[in-house]
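Engineer: Contents of final_39.cif (mmCIF, C-alpha atoms):
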```
data_my_file
#
loop_
_atom_site.group_PDB
_atom_site.id
_atom_site.type_symbol
_atom_site.label_atom_id
_atom_site.label_comp_id
_atom_site.auth_asym_id
_atom_site.auth_seq_id
_atom_site.Cartn_x
_atom_site.Cartn_y
_atom_site.Cartn_z
ATOM 1 C CA MET X 25 84.044 107.310 110.867
ATOM 2 C CA LEU X 26 87.129 108.870 109.281
ATOM 3 C CA ARG X 27 87.833 105.614 107.461
ATOM 4 C CA PHE X 28 84.640 106.095 105.478
ATOM 5 C CA ALA X 29 85.357 109.802 105.002
ATOM 6 C CA ILE X 30 88.613 108.826 103.326
ATOM 7 C CA ALA X 31 86.762 106.298 101.198
ATOM 8 C CA ALA X 32 84.344 108.981 100.108
ATOM 9 C CA VAL X 33 87.194 111.262 99.082
ATOM 10 C CA PHE X 34 89.187 108.680 97.150
ATOM 11 C CA GLY X 35 86.506 106.157 96.229
ATOM 12 C CA ALA X 36 89.029 103.382 96.637
ATOM 13 C CA LEU X 37 88.761 101.936 100.118
ATOM 14 C CA SER X 38 86.708 98.979 101.278
ATOM 15 C CA LEU X 39 86.871 96.379 104.010
ATOM 16 C CA THR X 40 87.765 93.073 102.381
ATOM 17 C CA ALA X 41 86.548 89.704 103.576
ATOM 18 C CA CYS X 42 89.957 88.052 103.391
ATOM 19 C CA ALA X 43 93.298 89.423 102.330
ATOM 20 C CA GLN X 44 94.757 87.953 99.174
ATOM 21 C CA PRO X 45 98.423 86.936 98.951
ATOM 22 C CA ALA X 46 100.709 89.911 98.418
ATOM 23 C CA PRO X 47 104.481 90.313 98.034
ATOM 24 C CA PRO X 48 106.408 91.594 101.055
ATOM 25 C CA ALA X 49 107.319 95.251 101.104
ATOM 26 C CA THR X 50 110.940 96.285 100.929
ATOM 27 C CA LYS X 51 112.734 99.003 102.804
ATOM 28 C CA ALA X 52 113.604 101.859 100.504
ATOM 29 C CA PRO X 53 117.052 103.471 100.671
ATOM 30 C CA ALA X 54 117.470 106.953 102.050
ATOM 31 C CA THR X 55 115.947 109.474 99.667
ATOM 32 C CA ALA X 56 116.393 113.139 98.937
ATOM 33 C CA ALA X 57 113.268 113.770 101.008
ATOM 34 C CA ALA X 58 114.710 111.896 103.968
ATOM 35 C CA LYS X 59 117.957 113.914 103.699
ATOM 36 C CA ALA X 60 116.202 117.274 103.544
ATOM 37 C CA SER X 61 116.940 119.806 106.259
ATOM 38 C CA PRO X 62 114.780 119.773 109.400
ATOM 39 C CA ALA X 63 113.358 123.156 108.364
ATOM 40 C CA ALA X 64 112.390 121.841 104.922
ATOM 41 C CA ASN X 65 110.796 118.751 106.458
ATOM 42 C CA ALA X 66 108.866 120.862 108.950
ATOM 43 C CA SER X 67 107.641 123.139 106.164
ATOM 44 C CA ALA X 68 106.503 120.140 104.097
ATOM 45 C CA ASP X 69 104.767 118.609 107.117
ATOM 46 C CA GLN X 70 102.895 121.865 107.732
ATOM 47 C CA ALA X 71 101.825 122.152 104.086
ATOM 48 C CA VAL X 72 100.597 118.552 104.028
ATOM 49 C CA ARG X 73 98.640 118.912 107.275
ATOM 50 C CA ALA X 74 97.019 122.102 106.004
ATOM 51 C CA ALA X 75 96.076 120.441 102.711
ATOM 52 C CA LEU X 76 94.490 117.455 104.452
ATOM 53 C CA THR X 77 92.578 119.695 106.849
ATOM 54 C CA ALA X 78 91.261 121.716 103.901
ATOM 55 C CA LEU X 79 90.240 118.483 102.183
ATOM 56 C CA ASN X 80 88.384 117.261 105.262
ATOM 57 C CA PRO X 81 88.558 118.965 108.684
ATOM 58 C CA GLY X 82 87.915 115.584 110.300
ATOM 59 C CA PHE X 83 91.183 114.090 109.075
ATOM 60 C CA GLN X 84 93.634 113.485 111.906
ATOM 61 C CA VAL X 85 97.212 112.695 110.960
ATOM 62 C CA ASP X 86 98.542 109.792 113.037
ATOM 63 C CA TYR X 87 101.966 109.724 111.385
ATOM 64 C CA ILE X 88 103.842 111.858 108.882
ATOM 65 C CA GLY X 89 107.365 111.392 107.594
ATOM 66 C CA ALA X 90 109.519 111.293 104.487
ATOM 67 C CA ALA X 91 108.181 109.061 101.733
ATOM 68 C CA PRO X 92 110.469 106.403 100.225
ATOM 69 C CA PHE X 93 110.843 108.645 97.161
ATOM 70 C CA PRO X 94 111.622 112.375 96.902
ATOM 71 C CA GLY X 95 109.091 115.174 96.838
ATOM 72 C CA PHE X 96 106.402 113.482 98.951
ATOM 73 C CA ARG X 97 105.462 112.859 102.570
ATOM 74 C CA GLU X 98 104.250 109.496 103.811
ATOM 75 C CA VAL X 99 101.108 109.987 105.917
ATOM 76 C CA VAL X 100 98.858 107.736 107.988
ATOM 77 C CA VAL X 101 95.304 109.006 108.480
ATOM 78 C CA SER X 102 93.009 106.761 110.525
ATOM 79 C CA GLY X 103 95.175 103.775 109.619
ATOM 80 C CA GLN X 104 95.137 104.580 105.900
ATOM 81 C CA LEU X 105 98.484 105.132 104.156
ATOM 82 C CA LEU X 106 98.600 108.184 101.880
ATOM 83 C CA TYR X 107 101.294 109.999 99.930
ATOM 84 C CA VAL X 108 101.081 113.777 99.653
ATOM 85 C CA SER X 109 103.444 116.057 97.733
ATOM 86 C CA ASP X 110 105.611 118.324 99.862
ATOM 87 C CA ASP X 111 103.607 121.348 98.772
ATOM 88 C CA GLY X 112 100.319 119.630 99.702
ATOM 89 C CA ARG X 113 98.901 119.778 96.180
ATOM 90 C CA TYR X 114 99.003 116.161 95.014
ATOM 91 C CA LEU X 115 97.795 113.109 96.882
ATOM 92 C CA PHE X 116 97.584 109.447 96.018
ATOM 93 C CA GLN X 117 96.823 106.243 97.835
ATOM 94 C CA SER X 118 98.855 103.437 96.360
ATOM 95 C CA GLN X 119 101.822 101.457 97.632
ATOM 96 C CA PRO X 120 104.983 102.631 95.818
ATOM 97 C CA TYR X 121 106.948 99.932 93.992
ATOM 98 C CA ASP X 122 110.731 99.815 94.064
ATOM 99 C CA THR X 123 111.862 98.660 90.620
ATOM 100 C CA ARG X 124 115.409 97.991 91.822
ATOM 101 C CA ALA X 125 114.439 95.971 94.889
ATOM 102 C CA LYS X 126 111.530 94.477 92.927
ATOM 103 C CA GLY X 127 108.941 94.945 95.643
ATOM 104 C CA PRO X 128 106.666 97.476 97.382
ATOM 105 C CA ALA X 129 108.595 100.051 99.414
ATOM 106 C CA ASN X 130 108.139 101.431 102.915
ATOM 107 C CA SER X 131 110.239 104.024 104.691
ATOM 108 C CA GLU X 132 112.114 103.255 107.888
ATOM 109 C CA GLY X 133 109.985 105.889 109.625
ATOM 110 C CA LEU X 134 106.761 104.081 108.764
ATOM 111 C CA LEU X 135 108.192 100.736 109.862
ATOM 112 C CA GLY X 136 109.196 102.274 113.186
ATOM 113 C CA TYR X 137 105.686 103.691 113.601
ATOM 114 C CA ARG X 138 104.219 100.208 113.048
ATOM 115 C CA ARG X 139 106.692 98.599 115.457
ATOM 116 C CA ASP X 140 105.704 101.073 118.163
ATOM 117 C CA LEU X 141 102.018 100.299 117.624
ATOM 118 C CA LEU X 142 102.555 96.528 117.680
ATOM 119 C CA ALA X 143 104.549 96.860 120.898
ATOM 120 C CA LYS X 144 101.361 98.135 122.572
ATOM 121 C CA ALA X 145 99.750 94.700 122.224
ATOM 122 C CA ASN X 146 100.921 92.801 125.281
ATOM 123 C CA HIS X 147 102.500 89.443 124.588
ATOM 124 C CA GLY X 148 100.264 87.835 127.203
ATOM 125 C CA ASP X 149 97.161 89.029 125.365
ATOM 126 C CA ARG X 150 98.163 87.234 122.170
ATOM 127 C CA ILE X 151 97.479 83.607 121.308
ATOM 128 C CA VAL X 152 100.941 82.239 120.649
ATOM 129 C CA PHE X 153 102.027 79.177 118.705
ATOM 130 C CA ALA X 154 105.753 79.170 119.413
ATOM 131 C CA ALA X 155 108.359 77.339 117.383
ATOM 132 C CA PRO X 156 110.731 75.157 119.484
ATOM 133 C CA ASN X 157 113.760 76.911 117.977
ATOM 134 C CA ALA X 158 112.234 80.143 116.757
ATOM 135 C CA LYS X 159 114.226 82.222 114.300
ATOM 136 C CA TYR X 160 111.374 84.539 113.369
ATOM 137 C CA THR X 161 108.187 85.734 115.052
ATOM 138 C CA ILE X 162 105.259 87.105 113.083
ATOM 139 C CA SER X 163 102.278 89.069 114.390
ATOM 140 C CA VAL X 164 99.065 87.989 112.655
ATOM 141 C CA PHE X 165 95.744 89.809 112.869
ATOM 142 C CA THR X 166 93.257 86.991 112.439
ATOM 143 C CA ASP X 167 89.588 86.195 112.161
ATOM 144 C CA ILE X 168 87.996 82.834 112.943
ATOM 145 C CA GLU X 169 85.777 82.698 109.857
ATOM 146 C CA CYS X 170 88.056 83.919 107.049
ATOM 147 C CA GLY X 171 89.093 81.138 104.685
ATOM 148 C CA TYR X 172 92.659 82.351 104.307
ATOM 149 C CA CYS X 173 92.963 82.624 108.105
ATOM 150 C CA ARG X 174 91.924 78.994 108.400
ATOM 151 C CA LYS X 175 94.381 78.010 105.690
ATOM 152 C CA LEU X 176 97.197 79.798 107.506
ATOM 153 C CA HIS X 177 96.272 78.059 110.737
ATOM 154 C CA GLN X 178 96.447 74.678 109.020
ATOM 155 C CA ASP X 179 100.095 75.540 108.306
ATOM 156 C CA ILE X 180 100.995 76.248 111.950
ATOM 157 C CA ALA X 181 102.942 72.990 112.444
ATOM 158 C CA GLU X 182 104.886 73.566 109.224
ATOM 159 C CA LEU X 183 105.558 77.196 110.133
ATOM 160 C CA ASN X 184 106.874 76.104 113.525
ATOM 161 C CA ARG X 185 109.112 73.506 111.849
ATOM 162 C CA ASN X 186 110.473 76.346 109.718
ATOM 163 C CA GLY X 187 111.405 78.248 112.876
ATOM 164 C CA ILE X 188 108.505 80.688 112.639
ATOM 165 C CA SER X 189 106.487 81.499 115.765
ATOM 166 C CA VAL X 190 102.979 82.840 115.212
ATOM 167 C CA GLU X 191 101.449 85.386 117.570
ATOM 168 C CA TYR X 192 97.756 85.963 116.884
ATOM 169 C CA LEU X 193 95.859 89.186 117.513
ATOM 170 C CA ALA X 194 92.095 89.430 117.147
ATOM 171 C CA PHE X 195 90.592 91.234 114.177
ATOM 172 C CA PRO X 196 86.891 90.346 113.840
ATOM 173 C CA ARG X 197 86.411 91.518 110.265
ATOM 174 C CA MET X 198 82.624 91.908 110.664
ATOM 175 C CA GLY X 199 83.214 94.584 113.304
ATOM 176 C CA LEU X 200 82.507 95.132 116.981
ATOM 177 C CA GLY X 201 79.176 93.746 118.140
ATOM 178 C CA SER X 202 79.055 91.086 115.409
ATOM 179 C CA LYS X 203 78.759 87.362 116.097
ATOM 180 C CA ASP X 204 82.334 87.078 114.892
ATOM 181 C CA TYR X 205 83.343 89.547 117.597
ATOM 182 C CA THR X 206 81.491 87.763 120.403
ATOM 183 C CA ASP X 207 82.860 84.386 119.248
ATOM 184 C CA MET X 208 86.394 85.762 119.330
ATOM 185 C CA ILE X 209 85.807 87.027 122.859
ATOM 186 C CA SER X 210 84.749 83.478 123.775
ATOM 187 C CA VAL X 211 87.971 82.141 122.230
ATOM 188 C CA TRP X 212 90.136 84.635 124.089
ATOM 189 C CA CYS X 213 88.303 83.854 127.350
ATOM 190 C CA ALA X 214 88.629 80.063 127.025
ATOM 191 C CA ALA X 215 90.728 78.154 129.544
ATOM 192 C CA ASP X 216 92.809 76.845 126.634
ATOM 193 C CA ARG X 217 92.830 79.663 124.114
ATOM 194 C CA ARG X 218 95.063 77.850 121.636
ATOM 195 C CA GLN X 219 92.742 74.866 121.449
ATOM 196 C CA ALA X 220 89.649 77.073 121.366
ATOM 197 C CA LEU X 221 91.080 79.041 118.446
ATOM 198 C CA THR X 222 92.008 75.845 116.607
ATOM 199 C CA ASN X 223 88.513 74.416 117.114
ATOM 200 C CA ALA X 224 86.897 77.639 115.913
ATOM 201 C CA LYS X 225 89.079 77.743 112.808
ATOM 202 C CA ARG X 226 88.030 74.181 112.036
ATOM 203 C CA GLY X 227 84.426 75.323 112.014
ATOM 204 C CA GLY X 228 83.545 73.933 115.428
ATOM 205 C CA SER X 229 81.080 75.557 117.782
ATOM 206 C CA VAL X 230 82.407 78.223 120.115
ATOM 207 C CA PRO X 231 81.147 77.827 123.714
ATOM 208 C CA ALA X 232 80.037 81.246 124.932
ATOM 209 C CA LYS X 233 82.352 82.830 127.491
ATOM 210 C CA ASN X 234 83.035 86.337 128.702
ATOM 211 C CA CYS X 235 85.840 87.950 130.648
ATOM 212 C CA THR X 236 88.115 90.949 130.598
ATOM 213 C CA ASN X 237 89.603 90.562 127.131
ATOM 214 C CA PRO X 238 91.767 92.385 124.555
ATOM 215 C CA VAL X 239 89.623 91.742 121.455
ATOM 216 C CA ALA X 240 88.287 95.298 121.014
ATOM 217 C CA MET X 241 91.695 96.802 121.763
ATOM 218 C CA GLN X 242 93.447 94.530 119.259
ATOM 219 C CA TYR X 243 90.797 95.280 116.644
ATOM 220 C CA ALA X 244 91.359 99.018 117.149
ATOM 221 C CA LEU X 245 95.115 98.481 116.917
ATOM 222 C CA GLY X 246 94.658 96.646 113.624
ATOM 223 C CA GLN X 247 92.642 99.579 112.277
ATOM 224 C CA GLN X 248 95.427 101.972 113.319
ATOM 225 C CA LEU X 249 97.836 99.807 111.347
ATOM 226 C CA GLY X 250 95.594 99.942 108.299
ATOM 227 C CA VAL X 251 94.468 96.320 108.441
ATOM 228 C CA ASN X 252 91.505 95.886 106.105
ATOM 229 C CA GLY X 253 91.613 92.155 105.509
ATOM 230 C CA THR X 254 92.647 88.990 107.289
ATOM 231 C CA PRO X 255 95.073 87.461 107.820
ATOM 232 C CA ALA X 256 97.335 90.488 108.058
ATOM 233 C CA ILE X 257 100.897 89.363 108.711
ATOM 234 C CA PHE X 258 103.543 91.687 110.147
ATOM 235 C CA ALA X 259 107.248 90.911 110.349
ATOM 236 C CA PRO X 260 109.244 91.941 113.446
ATOM 237 C CA ASP X 261 110.535 95.077 111.683
ATOM 238 C CA GLY X 262 107.001 96.331 110.971
ATOM 239 C CA THR X 263 106.829 95.205 107.347
ATOM 240 C CA GLN X 264 103.382 93.982 106.373
ATOM 241 C CA LEU X 265 103.909 90.742 104.499
ATOM 242 C CA GLY X 266 100.449 90.751 102.968
ATOM 243 C CA GLY X 267 97.784 88.124 103.406
ATOM 244 C CA TYR X 268 98.185 84.361 103.299
ATOM 245 C CA LEU X 269 101.592 83.053 102.228
ATOM 246 C CA PRO X 270 102.600 79.364 102.071
ATOM 247 C CA PRO X 271 105.204 78.427 104.730
ATOM 248 C CA ALA X 272 108.167 78.237 102.339
ATOM 249 C CA GLN X 273 107.282 81.585 100.762
ATOM 250 C CA LEU X 274 106.772 83.201 104.164
ATOM 251 C CA ARG X 275 110.124 81.880 105.393
ATOM 252 C CA ALA X 276 111.816 83.214 102.241
ATOM 253 C CA ALA X 277 110.240 86.644 102.762
ATOM 254 C CA LEU X 278 111.444 86.778 106.370
ATOM 255 C CA GLU X 279 114.950 85.683 105.351
ATOM 256 C CA LYS X 280 115.038 88.385 102.691
ATOM 257 C CA LEU X 281 114.082 91.034 105.242
ATOM 258 C CA SER X 282 116.636 89.710 107.734
ATOM 259 C CA ALA X 283 119.409 89.864 105.117
ATOM 260 C CA LYS X 284 118.707 93.583 104.545
ATOM 261 C CA ARG X 285 119.404 94.520 108.169
#
```
What is this structure when it is put down as structure tokens?

Structural biologist:
Amino acid sequence: MLRFAIAAVFGALSLTACAQPAPPATKAPATAAAKASPAANASADQAVRAALTALNPGFQVDYIGAAPFPGFREVVVSGQLLYVSDDGRYLFQSQPYDTRAKGPANSEGLLGYRRDLLAKANHGDRIVFAAPNAKYTISVFTDIECGYCRKLHQDIAELNRNGISVEYLAFPRMGLGSKDYTDMISVWCAADRRQALTNAKRGGSVPAKNCTNPVAMQYALGQQLGVNGTPAIFAPDGTQLGGYLPPAQLRAALEKLSAKR
């Protein structure tokens, strides 16, 4: 898989059991790179693609755009976020930090790319815990065994009281064909998916069921988005809010993002 090819090149990637809490990313202001002429951007894109192909012919660029700082392109390869200099010479894999905004930075182009991907997951295929008077809706890639996923689910009532609706997508962290995967299919095929998910997250047995289901598709979507741990929380604008966040902290992060619009 290309994911492992990238890991071999950089020696830095691994699938984590559960995502740890992380601060929300911030939108970076327009940069010199973003304001460059179309010809300059096209030339940089070409140089970056050529450099990645030379590094590994198997690399396929899913997205490329201006980085949130000048002189680099922001690139997604098999769900992995990379930064490559405009001349293709330098590459690093680390989330840039905006010292003024005091948080990790993402470009508007990358956020739009994530929004488009998330829009592919039909609302009816998600397991939704809607707030009565929802102000915010988060998309959460979840697993039924991860401790932080279970902790987040215990907060559902409090999240709903805070005006936050939770829309779950399946991300069996042990991979397709695992017991985790088959159990999540059973959850998604249950007559009452919300209750089945709640029971599973409480450690209850999962009655075996099968049907036409979105679990594999949602798992693949999560990989495209670079999900490598659960829970993976995405705000409506495409910002990844990290792993588990307590309700008050999650609400504050969403309010901060909303104020920037």

Engineer: Taking into account only C-alpha atoms, which residue in the set X:Gly250, X:Ile168, X:Asp204, X:Glu182 is nearest to Lys225 of chain X?

Structural biologist: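 The closest residue to Lys225 of chain X is X:Ile168.
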
Engineer: Using the chain letters and numbering of this document, enumerate as a PDB file with C-alpha atoms, keeping the file's coordinate frame the residues selected by the PyMOL selection byres ((chain X and resi 71-82) around 10).

Structural biologist:
```
ATOM      1  CA  MET X  25      84.044 107.310 110.867  1.00  0.00           C
ATOM      2  CA  LEU X  26      87.129 108.870 109.281  1.00  0.00           C
ATOM      3  CA  ALA X  29      85.357 109.802 105.002  1.00  0.00           C
ATOM      4  CA  ILE X  30      88.613 108.826 103.326  1.00  0.00           C
ATOM      5  CA  VAL X  33      87.194 111.262  99.082  1.00  0.00           C
ATOM      6  CA  ASN X  65     110.796 118.751 106.458  1.00  0.00           C
ATOM      7  CA  ALA X  66     108.866 120.862 108.950  1.00  0.00           C
ATOM      8  CA  SER X  67     107.641 123.139 106.164  1.00  0.00           C
ATOM      9  CA  ALA X  68     106.503 120.140 104.097  1.00  0.00           C
ATOM     10  CA  ASP X  69     104.767 118.609 107.117  1.00  0.00           C
ATOM     11  CA  GLN X  70     102.895 121.865 107.732  1.00  0.00           C
ATOM     12  CA  PHE X  83      91.183 114.090 109.075  1.00  0.00           C
ATOM     13  CA  GLN X  84      93.634 113.485 111.906  1.00  0.00           C
ATOM     14  CA  VAL X  85      97.212 112.695 110.960  1.00  0.00           C
ATOM     15  CA  ILE X  88     103.842 111.858 108.882  1.00  0.00           C
ATOM     16  CA  PHE X  96     106.402 113.482  98.951  1.00  0.00           C
ATOM     17  CA  ARG X  97     105.462 112.859 102.570  1.00  0.00           C
ATOM     18  CA  GLU X  98     104.250 109.496 103.811  1.00  0.00           C
ATOM     19  CA  VAL X  99     101.108 109.987 105.917  1.00  0.00           C
ATOM     20  CA  VAL X 101      95.304 109.006 108.480  1.00  0.00           C
ATOM     21  CA  TYR X 107     101.294 109.999  99.930  1.00  0.00           C
ATOM     22  CA  VAL X 108     101.081 113.777  99.653  1.00  0.00           C
ATOM     23  CA  SER X 109     103.444 116.057  97.733  1.00  0.00           C
ATOM     24  CA  ASP X 110     105.611 118.324  99.862  1.00  0.00           C
ATOM     25  CA  ASP X 111     103.607 121.348  98.772  1.00  0.00           C
ATOM     26  CA  GLY X 112     100.319 119.630  99.702  1.00  0.00           C
ATOM     27  CA  ARG X 113      98.901 119.778  96.180  1.00  0.00           C
ATOM     28  CA  TYR X 114      99.003 116.161  95.014  1.00  0.00           C
ATOM     29  CA  LEU X 115      97.795 113.109  96.882  1.00  0.00           C
TER      30      LEU X 115
END
```

Engineer: Could you name the residues that touch Asn146 of chain X at 10 Å or less, counting only C-alpha atoms, but leaving out those on the same chain fewer than 2 positions away, as a list in words?

Structural biologist: Leu142, Ala143, Lys144, Gly148, Asp149, Arg150, Leu193, Pro238 and Gln242 of chain X

Engineer: Could you list the residues chosen by the PyMOL selection byres ((chain X and resi 210-214) around 12) in this structure as a PDB file with C-alpha atoms, keeping the file's coordinate frame?

Structural biologist:
```pdb
ATOM      1  CA  GLY X 148     100.264  87.835 127.203  1.00  0.00           C
ATOM      2  CA  ASP X 149      97.161  89.029 125.365  1.00  0.00           C
ATOM      3  CA  ARG X 150      98.163  87.234 122.170  1.00  0.00           C
ATOM      4  CA  ILE X 151      97.479  83.607 121.308  1.00  0.00           C
ATOM      5  CA  VAL X 152     100.941  82.239 120.649  1.00  0.00           C
ATOM      6  CA  ASP X 167      89.588  86.195 112.161  1.00  0.00           C
ATOM      7  CA  ILE X 168      87.996  82.834 112.943  1.00  0.00           C
ATOM      8  CA  TYR X 192      97.756  85.963 116.884  1.00  0.00           C
ATOM      9  CA  LEU X 193      95.859  89.186 117.513  1.00  0.00           C
ATOM     10  CA  ALA X 194      92.095  89.430 117.147  1.00  0.00           C
ATOM     11  CA  PHE X 195      90.592  91.234 114.177  1.00  0.00           C
ATOM     12  CA  PRO X 196      86.891  90.346 113.840  1.00  0.00           C
ATOM     13  CA  LYS X 203      78.759  87.362 116.097  1.00  0.00           C
ATOM     14  CA  ASP X 204      82.334  87.078 114.892  1.00  0.00           C
ATOM     15  CA  TYR X 205      83.343  89.547 117.597  1.00  0.00           C
ATOM     16  CA  THR X 206      81.491  87.763 120.403  1.00  0.00           C
ATOM     17  CA  ASP X 207      82.860  84.386 119.248  1.00  0.00           C
ATOM     18  CA  MET X 208      86.394  85.762 119.330  1.00  0.00           C
ATOM     19  CA  ILE X 209      85.807  87.027 122.859  1.00  0.00           C
ATOM     20  CA  ALA X 215      90.728  78.154 129.544  1.00  0.00           C
ATOM     21  CA  ASP X 216      92.809  76.845 126.634  1.00  0.00           C
ATOM     22  CA  ARG X 217      92.830  79.663 124.114  1.00  0.00           C
ATOM     23  CA  ARG X 218      95.063  77.850 121.636  1.00  0.00           C
ATOM     24  CA  GLN X 219      92.742  74.866 121.449  1.00  0.00           C
ATOM     25  CA  ALA X 220      89.649  77.073 121.366  1.00  0.00           C
ATOM     26  CA  LEU X 221      91.080  79.041 118.446  1.00  0.00           C
ATOM     27  CA  THR X 222      92.008  75.845 116.607  1.00  0.00           C
ATOM     28  CA  ASN X 223      88.513  74.416 117.114  1.00  0.00           C
ATOM     29  CA  ALA X 224      86.897  77.639 115.913  1.00  0.00           C
ATOM     30  CA  LYS X 225      89.079  77.743 112.808  1.00  0.00           C
ATOM     31  CA  GLY X 228      83.545  73.933 115.428  1.00  0.00           C
ATOM     32  CA  SER X 229      81.080  75.557 117.782  1.00  0.00           C
ATOM     33  CA  VAL X 230      82.407  78.223 120.115  1.00  0.00           C
ATOM     34  CA  PRO X 231      81.147  77.827 123.714  1.00  0.00           C
ATOM     35  CA  ALA X 232      80.037  81.246 124.932  1.00  0.00           C
ATOM     36  CA  LYS X 233      82.352  82.830 127.491  1.00  0.00           C
ATOM     37  CA  ASN X 234      83.035  86.337 128.702  1.00  0.00           C
ATOM     38  CA  CYS X 235      85.840  87.950 130.648  1.00  0.00           C
ATOM     39  CA  THR X 236      88.115  90.949 130.598  1.00  0.00           C
ATOM     40  CA  ASN X 237      89.603  90.562 127.131  1.00  0.00           C
ATOM     41  CA  PRO X 238      91.767  92.385 124.555  1.00  0.00           C
ATOM     42  CA  VAL X 239      89.623  91.742 121.455  1.00  0.00           C
ATOM     43  CA  ALA X 240      88.287  95.298 121.014  1.00  0.00           C
ATOM     44  CA  GLN X 242      93.447  94.530 119.259  1.00  0.00           C
TER      45      GLN X 242
END
```

Engineer: To one decimal place, how far is atom CA of Ala256 of chain X from atom CA of Leu274 of chain X in Å?

Structural biologist: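 Interatomic distance, atom CA of Ala256 of chain X to atom CA of Leu274 of chain X: 12.5 Å.
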
Engineer: Which residue, X:Ser61, X:Asn157, X:Gln119, X:Ser163, has the smallest gap to Phe258 of chain X when you use only C-alpha atoms?

Structural biologist: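 For Phe258 of chain X, the nearest of the given residues is X:Ser163.
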
Engineer: Evaluate the PyMOL selection byres ((chain X and resi 175) around 10) against this structure - the residues, as an mmCIF file with C-alpha atoms, keeping the file's coordinate frame, please.

Structural biologist:
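Contents of the output file out_30.cif:
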```cif
data_model
loop_
_atom_site.group_PDB
_atom_site.id
_atom_site.type_symbol
_atom_site.label_atom_id
_atom_site.label_comp_id
_atom_site.auth_asym_id
_atom_site.auth_seq_id
_atom_site.Cartn_x
_atom_site.Cartn_y
_atom_site.Cartn_z
ATOM 1 C CA CYS X 170 88.056 83.919 107.049
ATOM 2 C CA GLY X 171 89.093 81.138 104.685
ATOM 3 C CA TYR X 172 92.659 82.351 104.307
ATOM 4 C CA CYS X 173 92.963 82.624 108.105
ATOM 5 C CA ARG X 174 91.924 78.994 108.400
ATOM 6 C CA LEU X 176 97.197 79.798 107.506
ATOM 7 C CA HIS X 177 96.272 78.059 110.737
ATOM 8 C CA GLN X 178 96.447 74.678 109.020
ATOM 9 C CA ASP X 179 100.095 75.540 108.306
ATOM 10 C CA ILE X 180 100.995 76.248 111.950
ATOM 11 C CA LYS X 225 89.079 77.743 112.808
ATOM 12 C CA ARG X 226 88.030 74.181 112.036
ATOM 13 C CA PRO X 255 95.073 87.461 107.820
ATOM 14 C CA TYR X 268 98.185 84.361 103.299
ATOM 15 C CA LEU X 269 101.592 83.053 102.228
ATOM 16 C CA PRO X 270 102.600 79.364 102.071
#
```
